[in-house]
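Okay, run_29.txt now, which holds compact mmCIF, C-alpha atoms:
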```txt
# COMPACT_ATOMS: atom_id res chain seq x y z
CA MET A 1349 169.28 55.51 65.80
CA SER A 1350 165.74 54.81 66.88
CA ASN A 1351 166.98 52.47 69.60
CA LEU A 1352 168.93 55.40 71.06
CA PHE A 1353 165.74 57.46 71.06
CA SER A 1354 163.97 54.91 73.21
CA HIS A 1355 166.71 55.10 75.85
CA SER A 1356 166.94 58.86 75.76
CA VAL A 1357 165.05 61.70 77.34
CA LEU A 1358 164.89 65.21 75.98
CA LEU A 1359 165.17 67.84 78.73
CA ILE A 1360 163.82 71.28 77.90
CA PRO A 1361 164.25 73.98 80.56
CA ALA A 1362 161.60 76.63 79.95
CA PHE A 1363 160.95 80.02 81.50
CA ASN A 1364 157.98 81.98 80.10
CA GLU A 1365 158.10 80.27 76.72
CA GLU A 1366 154.41 79.60 76.04
CA GLU A 1367 154.72 80.84 72.46
CA ALA A 1368 157.86 79.07 71.29
CA LEU A 1369 157.30 75.85 73.22
CA GLY A 1370 154.23 74.53 71.33
CA PRO A 1371 155.80 74.60 67.84
CA LEU A 1372 159.07 73.24 69.24
CA LEU A 1373 157.39 70.22 70.83
CA ALA A 1374 155.43 69.52 67.64
CA GLU A 1375 158.69 69.63 65.70
CA VAL A 1376 160.35 67.24 68.13
CA ARG A 1377 157.45 64.82 67.70
CA THR A 1378 157.89 64.72 63.92
CA HIS A 1379 161.69 64.51 63.91
CA CYS A 1380 162.22 62.23 66.90
CA PRO A 1381 159.34 59.80 67.24
CA GLY A 1382 159.42 57.87 70.49
CA LEU A 1383 161.69 60.32 72.28
CA LYS A 1384 160.53 61.08 75.83
CA ILE A 1385 160.15 64.80 76.41
CA VAL A 1386 160.48 66.42 79.82
CA VAL A 1387 159.82 70.14 80.10
CA ILE A 1388 161.18 71.73 83.26
CA ASN A 1389 159.05 74.77 83.92
CA ASP A 1390 161.28 77.16 85.85
CA ALA A 1391 158.47 78.91 87.75
CA SER A 1392 157.08 80.62 84.63
CA GLN A 1393 154.33 83.18 85.06
CA ASP A 1394 152.65 82.33 81.77
CA ALA A 1395 151.02 79.15 80.44
CA THR A 1396 154.30 77.31 79.74
CA SER A 1397 153.31 74.41 81.96
CA ALA A 1398 149.84 74.00 80.38
CA VAL A 1399 151.22 74.25 76.83
CA ALA A 1400 153.79 71.54 77.53
CA ARG A 1401 151.27 69.25 79.19
CA LYS A 1402 148.83 69.68 76.33
CA ALA A 1403 151.59 68.62 73.93
CA GLY A 1404 151.96 65.42 75.92
CA ALA A 1405 155.28 66.19 77.59
CA VAL A 1406 156.16 65.29 81.14
CA VAL A 1407 156.26 68.56 83.08
CA LEU A 1408 158.32 69.33 86.16
CA ASP A 1409 157.00 72.49 87.78
CA LEU A 1410 159.66 74.17 89.90
CA PRO A 1411 157.99 76.16 92.68
CA VAL A 1412 160.67 78.89 92.58
CA ASN A 1413 162.89 80.14 89.79
CA LEU A 1414 166.24 78.34 89.93
CA GLY A 1415 167.80 79.30 86.62
CA VAL A 1416 168.85 76.99 83.82
CA ALA A 1417 171.33 75.00 85.90
CA GLY A 1418 168.85 74.23 88.67
CA ALA A 1419 166.16 73.33 86.14
CA MET A 1420 168.50 71.02 84.25
CA GLN A 1421 169.50 69.32 87.46
CA ALA A 1422 165.85 68.56 88.22
CA GLY A 1423 165.61 67.03 84.75
CA PHE A 1424 168.71 64.90 85.29
CA ARG A 1425 167.23 63.63 88.55
CA TRP A 1426 164.03 62.68 86.81
CA ALA A 1427 166.00 60.88 84.09
CA ILE A 1428 168.00 58.90 86.64
CA HIS A 1429 164.91 57.95 88.57
CA HIS A 1430 163.36 56.62 85.36
CA GLU A 1431 166.57 54.86 84.38
CA TYR A 1432 167.27 56.51 81.06
CA THR A 1433 170.69 56.01 79.49
CA TYR A 1434 171.00 59.33 77.68
CA ALA A 1435 169.76 62.84 78.29
CA ILE A 1436 169.60 65.53 75.63
CA ARG A 1437 169.28 69.18 76.50
CA CYS A 1438 167.56 71.56 74.15
CA ASP A 1439 166.64 75.20 74.75
CA SER A 1440 163.00 76.17 74.57
CA ASP A 1441 163.45 79.33 72.50
CA GLY A 1442 163.75 77.38 69.24
CA GLN A 1443 167.47 78.03 68.71
CA HIS A 1444 168.31 74.36 68.74
CA PRO A 1445 166.80 72.55 65.75
CA PRO A 1446 165.08 69.30 66.77
CA ALA A 1447 166.06 67.90 63.37
CA SER A 1448 169.66 67.82 64.61
CA ILE A 1449 168.92 65.74 67.69
CA SER A 1450 169.51 62.64 65.58
CA ASP A 1451 172.94 64.08 64.65
CA LEU A 1452 173.82 64.28 68.33
CA CYS A 1453 172.65 60.70 68.83
CA ALA A 1454 174.59 59.44 65.82
CA HIS A 1455 177.73 61.19 67.03
CA MET A 1456 177.26 59.79 70.52
CA GLU A 1457 176.87 56.29 69.13
CA ALA A 1458 179.85 56.63 66.79
CA THR A 1459 182.35 58.13 69.23
CA GLY A 1460 181.20 56.75 72.56
CA VAL A 1461 182.14 59.94 74.38
CA ASP A 1462 180.39 61.06 77.57
CA LEU A 1463 179.17 64.40 76.25
CA VAL A 1464 178.29 65.54 72.75
CA ILE A 1465 177.94 69.28 72.14
CA GLY A 1466 176.12 70.78 69.20
CA SER A 1467 178.39 73.56 68.00
CA ARG A 1468 177.08 76.45 65.94
CA ALA A 1469 180.62 77.57 65.19
CA LEU A 1470 181.44 74.38 63.30
CA SER A 1471 178.41 74.64 61.02
CA GLU A 1472 178.34 76.55 57.75
CA ASN A 1473 175.48 78.94 58.29
CA SER A 1474 176.37 80.30 61.70
CA PHE A 1475 174.82 83.75 61.56
CA ASP A 1476 176.85 85.07 64.45
CA ASN A 1477 176.18 88.68 65.02
CA SER A 1478 178.10 91.49 66.63
CA PHE A 1479 181.84 91.98 66.67
CA LEU A 1480 182.05 92.25 70.46
CA ARG A 1481 180.13 89.03 70.87
CA ARG A 1482 182.40 87.18 68.47
CA LEU A 1483 185.42 88.60 70.29
CA GLY A 1484 184.14 87.44 73.68
CA ILE A 1485 183.12 84.00 72.51
CA GLY A 1486 186.26 83.59 70.40
CA TYR A 1487 188.47 84.39 73.35
CA LEU A 1488 186.50 82.08 75.64
CA SER A 1489 186.69 79.14 73.27
CA ARG A 1490 190.48 79.56 72.99
CA PHE A 1491 190.86 79.83 76.74
CA LEU A 1492 188.67 76.78 77.32
CA SER A 1493 190.51 74.80 74.64
CA LEU A 1494 193.74 75.61 76.45
CA ILE A 1495 192.40 74.54 79.84
CA CYS A 1496 190.75 71.39 78.50
CA ARG A 1497 193.62 70.57 76.09
CA HIS A 1498 190.86 69.74 73.66
CA ARG A 1499 189.37 71.91 70.94
CA VAL A 1500 186.24 73.77 72.00
CA THR A 1501 184.56 75.92 69.35
CA ASP A 1502 181.26 76.79 71.02
CA PRO A 1503 181.79 77.18 74.77
CA THR A 1504 178.26 78.42 75.52
CA SER A 1505 176.24 75.92 73.55
CA GLY A 1506 173.40 74.42 75.55
CA PHE A 1507 172.57 71.86 72.85
CA GLN A 1508 174.09 68.80 74.49
CA MET A 1509 173.72 65.09 74.99
CA VAL A 1510 175.13 63.25 77.99
CA ASN A 1511 175.40 59.57 78.86
CA HIS A 1512 174.27 57.98 82.11
CA LEU A 1513 177.58 58.64 83.89
CA LEU A 1514 177.37 62.38 83.38
CA MET A 1515 173.66 62.33 84.09
CA TYR A 1516 174.42 60.89 87.51
CA TYR A 1517 177.27 63.34 88.06
CA PHE A 1518 175.21 66.39 87.03
CA ALA A 1519 172.25 65.28 89.10
CA HIS A 1520 174.51 65.61 92.13
CA GLU A 1521 176.88 68.40 91.16
CA TYR A 1522 176.20 70.94 88.46
CA PRO A 1523 177.98 74.31 88.19
CA SER A 1524 175.21 76.78 88.80
CA ASP A 1525 176.63 80.06 87.53
CA TYR A 1526 177.91 79.29 84.04
CA PRO A 1527 176.92 75.66 83.56
CA GLU A 1528 178.11 75.19 79.96
CA PRO A 1529 181.71 76.45 79.98
CA GLU A 1530 182.33 75.51 83.58
CA SER A 1531 181.12 71.95 83.18
CA LEU A 1532 183.50 71.40 80.25
CA ALA A 1533 186.54 72.29 82.33
CA LEU A 1534 185.18 70.20 85.17
CA LEU A 1535 184.64 67.17 82.95
CA ARG A 1536 188.15 67.09 81.57
CA ARG A 1537 189.58 67.15 85.05
CA GLN A 1538 187.31 64.34 86.17
CA GLY A 1539 188.39 62.15 83.26
CA TYR A 1540 185.34 62.46 81.00
CA ARG A 1541 185.51 62.91 77.25
CA PHE A 1542 183.47 65.21 75.07
CA SER A 1543 183.18 65.92 71.40
CA GLU A 1544 181.51 68.57 69.26
CA VAL A 1545 179.29 68.10 66.28
CA ALA A 1546 178.22 70.77 63.78
CA VAL A 1547 174.67 71.98 64.21
CA PRO A 1548 173.00 74.82 62.29
CA PHE A 1549 171.44 76.99 65.00
CA ARG A 1550 168.40 79.05 64.19
CA ALA A 1551 167.39 82.52 65.24
CA ARG A 1552 165.52 82.40 68.52
CA GLN A 1553 161.74 82.50 68.21
CA GLY A 1554 161.26 84.77 71.19
CA GLY A 1555 163.25 86.62 73.82
CA THR A 1556 166.74 88.04 73.48
CA SER A 1557 170.17 86.61 74.13
CA SER A 1558 171.73 87.50 77.43
CA LEU A 1559 174.95 88.02 75.52
CA HIS A 1560 175.23 91.07 73.34
CA GLY A 1561 177.61 93.99 73.03
CA PHE A 1562 179.81 94.70 75.99
CA SER A 1563 177.96 92.31 78.24
CA SER A 1564 179.47 89.44 76.24
CA LEU A 1565 182.93 90.75 77.11
CA TYR A 1566 181.92 91.02 80.73
CA PHE A 1567 180.57 87.49 80.49
CA ALA A 1568 183.93 86.30 79.12
CA PHE A 1569 185.66 87.97 82.06
CA LYS A 1570 183.32 86.42 84.64
CA VAL A 1571 183.69 82.97 83.14
CA THR A 1572 187.48 83.32 83.04
CA PHE A 1573 187.44 84.17 86.72
CA ALA A 1574 185.17 81.22 87.50
CA LEU A 1575 187.36 78.89 85.44
CA LEU A 1576 190.54 80.07 87.17
CA ILE A 1577 188.98 79.45 90.58
CA ASP A 1578 187.77 76.12 89.31
CA ARG A 1579 191.36 75.21 88.43
CA ALA A 1580 192.24 75.51 92.10
CA ARG A 1581 189.79 72.78 93.03
CA GLY A 1582 191.04 69.23 93.11
CA VAL A 1583 189.53 66.21 91.42
CA ASP A 1584 186.30 65.19 93.11
CA LEU A 1585 187.00 61.50 93.48
CA ARG A 1586 183.38 60.66 94.26
CA TYR A 1587 182.41 61.57 90.74
CA SER A 1588 185.49 60.72 88.70
CA ARG A 1589 184.72 58.78 85.54
CA LYS A 1590 186.38 55.61 86.83
CA GLU A 1591 184.51 55.73 90.10
CA LEU A 1592 181.12 56.25 88.50
CA GLU A 1593 181.75 53.60 85.87
CA GLU A 1594 182.28 51.05 88.62
CA LYS A 1595 179.40 52.32 90.72
CA LEU A 1596 176.80 52.43 87.94
CA SER A 1597 177.78 49.29 86.06
CA MET B 117 176.53 125.20 124.67
CA SER B 118 174.46 124.94 127.78
CA PRO B 119 174.64 121.55 129.49
CA TRP B 120 170.85 121.63 129.58
CA ILE B 121 170.75 121.29 125.81
CA THR B 122 173.60 118.81 125.38
CA TYR B 123 172.68 116.55 128.31
CA GLY B 124 169.33 117.62 129.71
CA LEU B 125 167.36 117.41 126.45
CA PRO B 126 168.47 113.88 125.45
CA GLY B 127 167.97 112.82 129.07
CA VAL B 128 164.39 114.09 129.12
CA LEU B 129 163.75 112.45 125.72
CA LEU B 130 165.00 109.10 126.98
CA LEU B 131 162.90 109.35 130.14
CA THR B 132 159.79 110.18 128.08
CA THR B 133 160.44 107.16 125.86
CA ALA B 134 160.86 105.04 128.99
CA ILE B 135 157.52 106.26 130.37
CA VAL B 136 155.82 105.45 127.04
CA LEU B 137 157.36 101.94 127.13
CA PHE B 138 156.16 101.43 130.72
CA GLY B 139 152.68 102.65 129.81
CA GLN B 140 152.07 100.21 126.96
CA THR B 141 149.43 97.51 127.34
CA ARG B 142 152.29 95.03 127.25
CA PRO B 143 154.99 97.09 128.98
CA ALA B 144 158.58 96.52 127.84
CA ARG B 145 160.03 96.74 131.35
CA LEU B 146 163.69 95.87 130.70
CA PRO B 147 164.31 98.37 127.89
CA ALA B 148 162.36 101.00 129.80
CA MET B 149 164.50 100.51 132.92
CA PHE B 150 167.65 100.69 130.80
CA LEU B 151 166.50 103.96 129.22
CA THR B 152 165.52 105.38 132.62
CA LEU B 153 169.00 104.67 133.95
CA ILE B 154 170.76 106.44 131.08
CA GLY B 155 168.23 109.29 131.19
CA ILE B 156 168.85 109.89 134.88
CA LEU B 157 172.63 109.80 134.33
CA LEU B 158 172.34 112.42 131.58
CA LEU B 159 170.12 114.63 133.75
CA LEU B 160 172.64 114.35 136.63
CA VAL B 161 175.40 115.62 134.34
CA ALA B 162 173.11 118.47 133.27
CA VAL B 163 172.39 119.44 136.89
CA PHE B 164 176.01 119.13 138.07
CA PRO B 165 178.29 120.41 135.28
CA GLY B 166 181.26 119.43 137.45
CA LEU B 167 180.55 115.79 136.63
CA GLU B 168 181.25 116.40 132.96
CA ARG B 169 184.63 117.92 133.73
CA ALA B 170 185.46 114.94 135.93
CA VAL B 171 184.83 112.37 133.21
CA LEU B 172 186.01 114.55 130.31
CA PRO B 173 189.21 112.58 129.52
CA ASN B 174 187.25 109.34 129.61
CA LYS B 175 184.19 110.55 127.74
CA ILE B 176 184.79 108.32 124.73
CA ARG B 177 185.21 105.29 127.00
CA LEU B 178 181.99 106.07 128.79
CA PHE B 179 180.24 106.45 125.47
CA MET B 180 181.65 103.14 124.19
CA GLY B 181 180.57 101.48 127.41
CA VAL B 182 176.98 102.60 126.99
CA VAL B 183 176.98 101.64 123.30
CA SER B 184 178.37 98.16 124.00
CA LEU B 185 175.92 97.55 126.85
CA THR B 186 172.99 98.61 124.65
CA HIS B 187 174.28 96.42 121.87
CA LEU B 188 174.69 93.39 124.16
CA PHE B 189 171.28 93.97 125.65
CA ILE B 190 169.53 94.11 122.26
CA THR B 191 171.34 91.00 121.02
CA LEU B 192 170.64 88.93 124.12
CA GLU B 193 167.03 90.09 124.19
CA ALA B 194 166.59 89.02 120.55
CA VAL B 195 168.03 85.60 121.35
CA ARG B 196 165.76 85.30 124.39
CA ARG B 197 162.71 86.07 122.28
CA ASN B 198 163.80 83.50 119.67
CA THR B 199 163.95 86.14 116.94
CA LEU B 200 167.69 85.54 116.57
CA LYS B 201 169.31 82.10 116.54
CA GLU B 202 172.20 81.52 118.93
CA ARG B 203 174.71 80.64 116.24
CA TYR B 204 174.11 83.93 114.43
CA ALA B 205 174.23 85.85 117.69
CA LEU B 206 177.72 84.64 118.64
CA LEU B 207 179.61 87.10 116.42
CA TRP B 208 177.34 89.97 117.50
CA ILE B 209 177.88 89.15 121.16
CA GLY B 210 181.62 88.97 120.43
CA THR B 211 181.47 92.48 119.00
CA GLY B 212 179.62 93.80 122.04
CA LEU B 213 181.99 92.12 124.49
CA ALA B 214 185.05 93.46 122.66
CA LEU B 215 183.66 97.00 122.84
CA LEU B 216 182.91 96.57 126.54
CA VAL B 217 186.45 95.35 127.23
CA PHE B 218 187.91 98.34 125.34
CA ALA B 219 185.72 100.68 127.36
CA ILE B 220 186.73 99.17 130.71
CA GLN B 221 190.36 98.40 129.87
CA PRO B 222 191.75 100.79 127.22
CA ASN B 223 195.18 99.19 127.61
CA VAL B 224 193.91 96.14 125.76
CA ILE B 225 193.72 98.14 122.59
CA GLY B 226 196.96 99.93 123.45
CA TRP B 227 199.16 97.71 121.32
CA LEU B 228 196.99 98.36 118.28
CA VAL B 229 197.30 102.08 118.94
CA GLN B 230 201.07 101.65 119.32
CA VAL B 231 201.55 99.51 116.22
CA THR B 232 199.38 101.50 113.84
CA GLY B 233 199.84 104.94 115.36
CA MET B 234 196.09 105.40 115.34
CA HIS B 235 194.07 107.19 117.95
CA TYR B 236 192.01 105.27 120.45
CA THR B 237 188.81 106.07 118.56
CA SER B 238 190.17 105.02 115.18
CA ALA B 239 191.51 101.79 116.68
CA ILE B 240 188.07 101.00 118.07
CA MET B 241 186.49 101.77 114.72
CA LEU B 242 188.97 99.40 113.09
CA VAL B 243 188.00 96.62 115.48
CA ILE B 244 184.28 97.24 114.95
CA PHE B 245 184.83 97.30 111.21
CA SER B 246 186.67 93.96 111.32
CA PHE B 247 183.83 92.41 113.25
CA LEU B 248 181.28 93.76 110.78
CA ILE B 249 183.21 92.25 107.88
CA LEU B 250 183.34 88.92 109.70
CA ILE B 251 179.59 89.07 110.27
CA ALA B 252 178.90 89.99 106.64
CA PHE B 253 181.05 87.10 105.47
CA HIS B 254 179.32 84.74 107.85
CA VAL B 255 175.97 85.82 106.43
CA SER B 256 177.22 85.22 102.87
CA LEU B 257 178.30 81.70 103.82
CA VAL B 258 174.95 80.95 105.39
CA LEU B 259 173.14 82.45 102.40
CA SER B 260 175.06 80.22 99.97
CA GLN B 261 174.17 77.17 102.00
CA TYR B 262 170.54 78.24 102.02
CA GLU B 263 170.58 78.65 98.28
CA THR B 264 171.85 75.10 97.86
CA ASP B 265 169.16 73.82 100.21
CA ARG B 266 166.51 75.86 98.43
CA ARG B 267 167.53 74.42 95.07
CA LYS B 268 167.35 70.86 96.36
CA LEU B 269 163.96 71.44 97.94
CA ALA B 270 162.50 73.05 94.82
CA GLN B 271 163.72 70.17 92.66
CA LYS B 272 162.37 67.60 95.05
CA ILE B 273 158.97 69.29 95.11
CA ALA B 274 158.82 69.38 91.30
CA LEU B 275 159.73 65.69 91.06
CA LEU B 276 157.24 64.65 93.74
CA GLU B 277 154.47 66.69 92.14
CA GLU B 278 155.09 65.00 88.80
CA GLN B 279 155.03 61.61 90.51
CA ILE B 280 151.75 62.39 92.25
CA ARG B 281 150.19 63.54 88.99
CA ARG B 282 151.25 60.32 87.28
CA LEU B 283 149.86 58.16 90.08
CA GLU B 284 146.58 60.08 90.06
CA ASP B 285 146.26 59.59 86.31
CA LYS B 286 146.81 55.89 86.83
CA LEU B 287 144.08 55.70 89.46
CA GLN B 288 141.36 57.39 87.40
CA PRO B 289 141.59 56.42 83.77
```
Render the structure in this file as C-alpha cells.
Amino acid sequence: MSNLFSHSVLLIPAFNEEEALGPLLAEVRTHCPGLKIVVINDASQDATSAVARKAGAVVLDLPVNLGVAGAMQAGFRWAIHHEYTYAIRCDSDGQHPPASISDLCAHMEATGVDLVIGSRALSENSFDNSFLRRLGIGYLSRFLSLICRHRVTDPTSGFQMVNHLLMYYFAHEYPSDYPEPESLALLRRQGYRFSEVAVPFRARQGGTSSLHGFSSLYFAFKVTFALLIDRARGVDLRYSRKELEEKLS
Amino acid sequence: MSPWITYGLPGVLLLTTAIVLFGQTRPARLPAMFLTLIGILLLLVAVFPGLERAVLPNKIRLFMGVVSLTHLFITLEAVRRNTLKERYALLWIGTGLALLVFAIQPNVIGWLVQVTGMHYTSAIMLVIFSFLILIAFHVSLVLSQYETDRRKLAQKIALLEEQIRRLEDKLQP
C-alpha cells in the first residue's frame, strides 16, 4: 500500500474552496502519509491558493477559470512531468473521504485496471437525495453500462485513480464538457479497462451540487447527446492502450 | 409624400455628416466622399422627380447596389486598418460581392426565384441569410479553436509558475 502512495499524486481541483480545503488536506495527511498533494486552483477569488500552500501542497494557479476538466488536465501534466505512476483525483468540497484513498489504491493493485472509480452507489450508506436526481443518474448509469458493455453504477463520480497510461492520455486529450461519463465511454473504445470500488461519500462541506431536480434530467439528456456524438468518432490510434503501452514502456 | 421629405431630407443629413467627417482634426476623407456622393444622388432625385419614375422598377436593385458597395467599403477599410484579419474578412467580402452581382445582374438570382417561387427581394434575403449563417458558423469554429488554445496556455502558465516558485525556493533556503 504505502509503496503505491510514494508513486502516486493526489490531484485536487479547487474553485473557491478556502473553507473546505484546509480540513481536507489535514485529513489526507493523516490517512495517506507520504502521498504527494497537488491542488489545482482554478482561478479562485478567495484564499484557496494560500490555504493549500500553507498546508504544504503543491499549488498550480490557473490564470483563468477552465473548469474541472481543464484543471485536472493541468494536474495530469504536472504528474507526467514529475514521473508519477498513478494519479488520484479527489474533489475539494469534502465529498470524497480521504480515508478511502487507500481502498482505491488496494483495488488498483489487486485488479491492475487502468482506472478505478469510487462509486457511491455501491456503498451501503449512499444518502442519495431527490427522486429526479436518482432517475437521471439511474438512467445514465444504465445507458453508459450499455455503451461500455461493462457495469457502471456511478457515472458522475469524480473520485478516481488512473495509471500512467491514462495519465498520459488525459494530459493530451480530456473530454471537457462532461469529463466523467464521457471519459468512460472513450476509454472502453480505446481498449482501457476500468473497475468500480464502493466508497461511502459524505455530504459536501460547502457549496451545492450542480445536479438537483430537473437539472439532473437535463444533465442526463445533454450527456446522452454527447455520448451519442462520441460514438460516431473512431478510435484515436495515437492514444489506444496498445500504442501507449509500447510508447511509455 | 413629397420627394423633399423622402429623398431631400436623408440627402441633406448625409451631406451634413460628410461635412462633419471632413471637418474633423483627422478627417475621414474616403467615407466622407462616399457619403457626399450618395447625398448628392438623393438630392438630385428630390430636385428632379422624373428620375424616381425612371428608376422605379429597378429601385430595389439600386438600393442593393448601394448597400453592397457600403458593405464592401467598410469591410475593406477595416482590413486596411488592420482591425479585421484577412481570413475573417473573406466571407464578408463574399457576401458583399454576391449582393453587388445580384444588383447588377438580377438574372443570376433568377433560377433561385424560378425554383423557389420567391420574389427577387426574398431570394436576396435568403442568400444574405445563408451567408450570415456561414459566418456565424465560421466564428464558432474559430472560437472553439481559441478555447483550446486558451486552455493550453493557462495550463502552461500554471505549470511554469509552479516550477519558478520551486526553483526560487531552492535558491534561497
List every residue of chain B that has an atom at most 12 Å from any atom of chain A, and for each one report the closest atom pair and its distance in Å to one decimal, counting only C-alpha atoms, with rows sorted by chain and then by increasing residue number, as CSV.
```
residue,atom,partner,partner_atom,distance
B:Ser260,CA,A:Ser1524,CA,11.7
B:Glu263,CA,A:Leu1414,CA,9.4
B:Thr264,CA,A:Gly1418,CA,9.7
B:Asp265,CA,A:Gly1418,CA,11.6
B:Arg266,CA,A:Val1412,CA,8.8
B:Arg267,CA,A:Gly1418,CA,6.5
B:Lys268,CA,A:Gly1418,CA,8.5
B:Leu269,CA,A:Pro1411,CA,9.3
B:Ala270,CA,A:Leu1410,CA,5.8
B:Gln271,CA,A:Ala1422,CA,5.2
B:Lys272,CA,A:Ala1422,CA,7.7
B:Ile273,CA,A:Leu1410,CA,7.2
B:Ala274,CA,A:Asp1409,CA,5.0
B:Leu275,CA,A:Leu1408,CA,6.3
B:Leu276,CA,A:Leu1408,CA,9.0
B:Glu277,CA,A:Leu1408,CA,7.6
B:Glu278,CA,A:Leu1408,CA,6.0
B:Gln279,CA,A:Leu1408,CA,9.5
B:Ile280,CA,A:Leu1408,CA,11.3
B:Arg281,CA,A:Val1407,CA,9.8
B:Arg282,CA,A:Val1406,CA,9.3
```
*Ser1505 in chain A: which residues within 9 Å, counting all atoms listed in the file, same-chain residues fewer than 3 positions away excluded, as a count of residues only?*
8
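The two atoms in question, CA of Pro1371 in chain A and CA of Ala1403 in chain A, are spaced 9.5 Å apart.
Proximity ranking of A:Arg1497, A:Ser1543, A:Ile1428, A:Arg1552 relative to Ala1368 in chain A places A:Arg1552 first, based on all atoms listed in the file.
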*asked:* I'd like the contact shell of range 1442-1454 of chain A - 6 Å cut-off, all atoms listed in the file, skipping same-chain residues fewer than 3 positions apart - returned as a ChimeraX atom specification.
replied: /A:1376,1379,1457,1549-1553
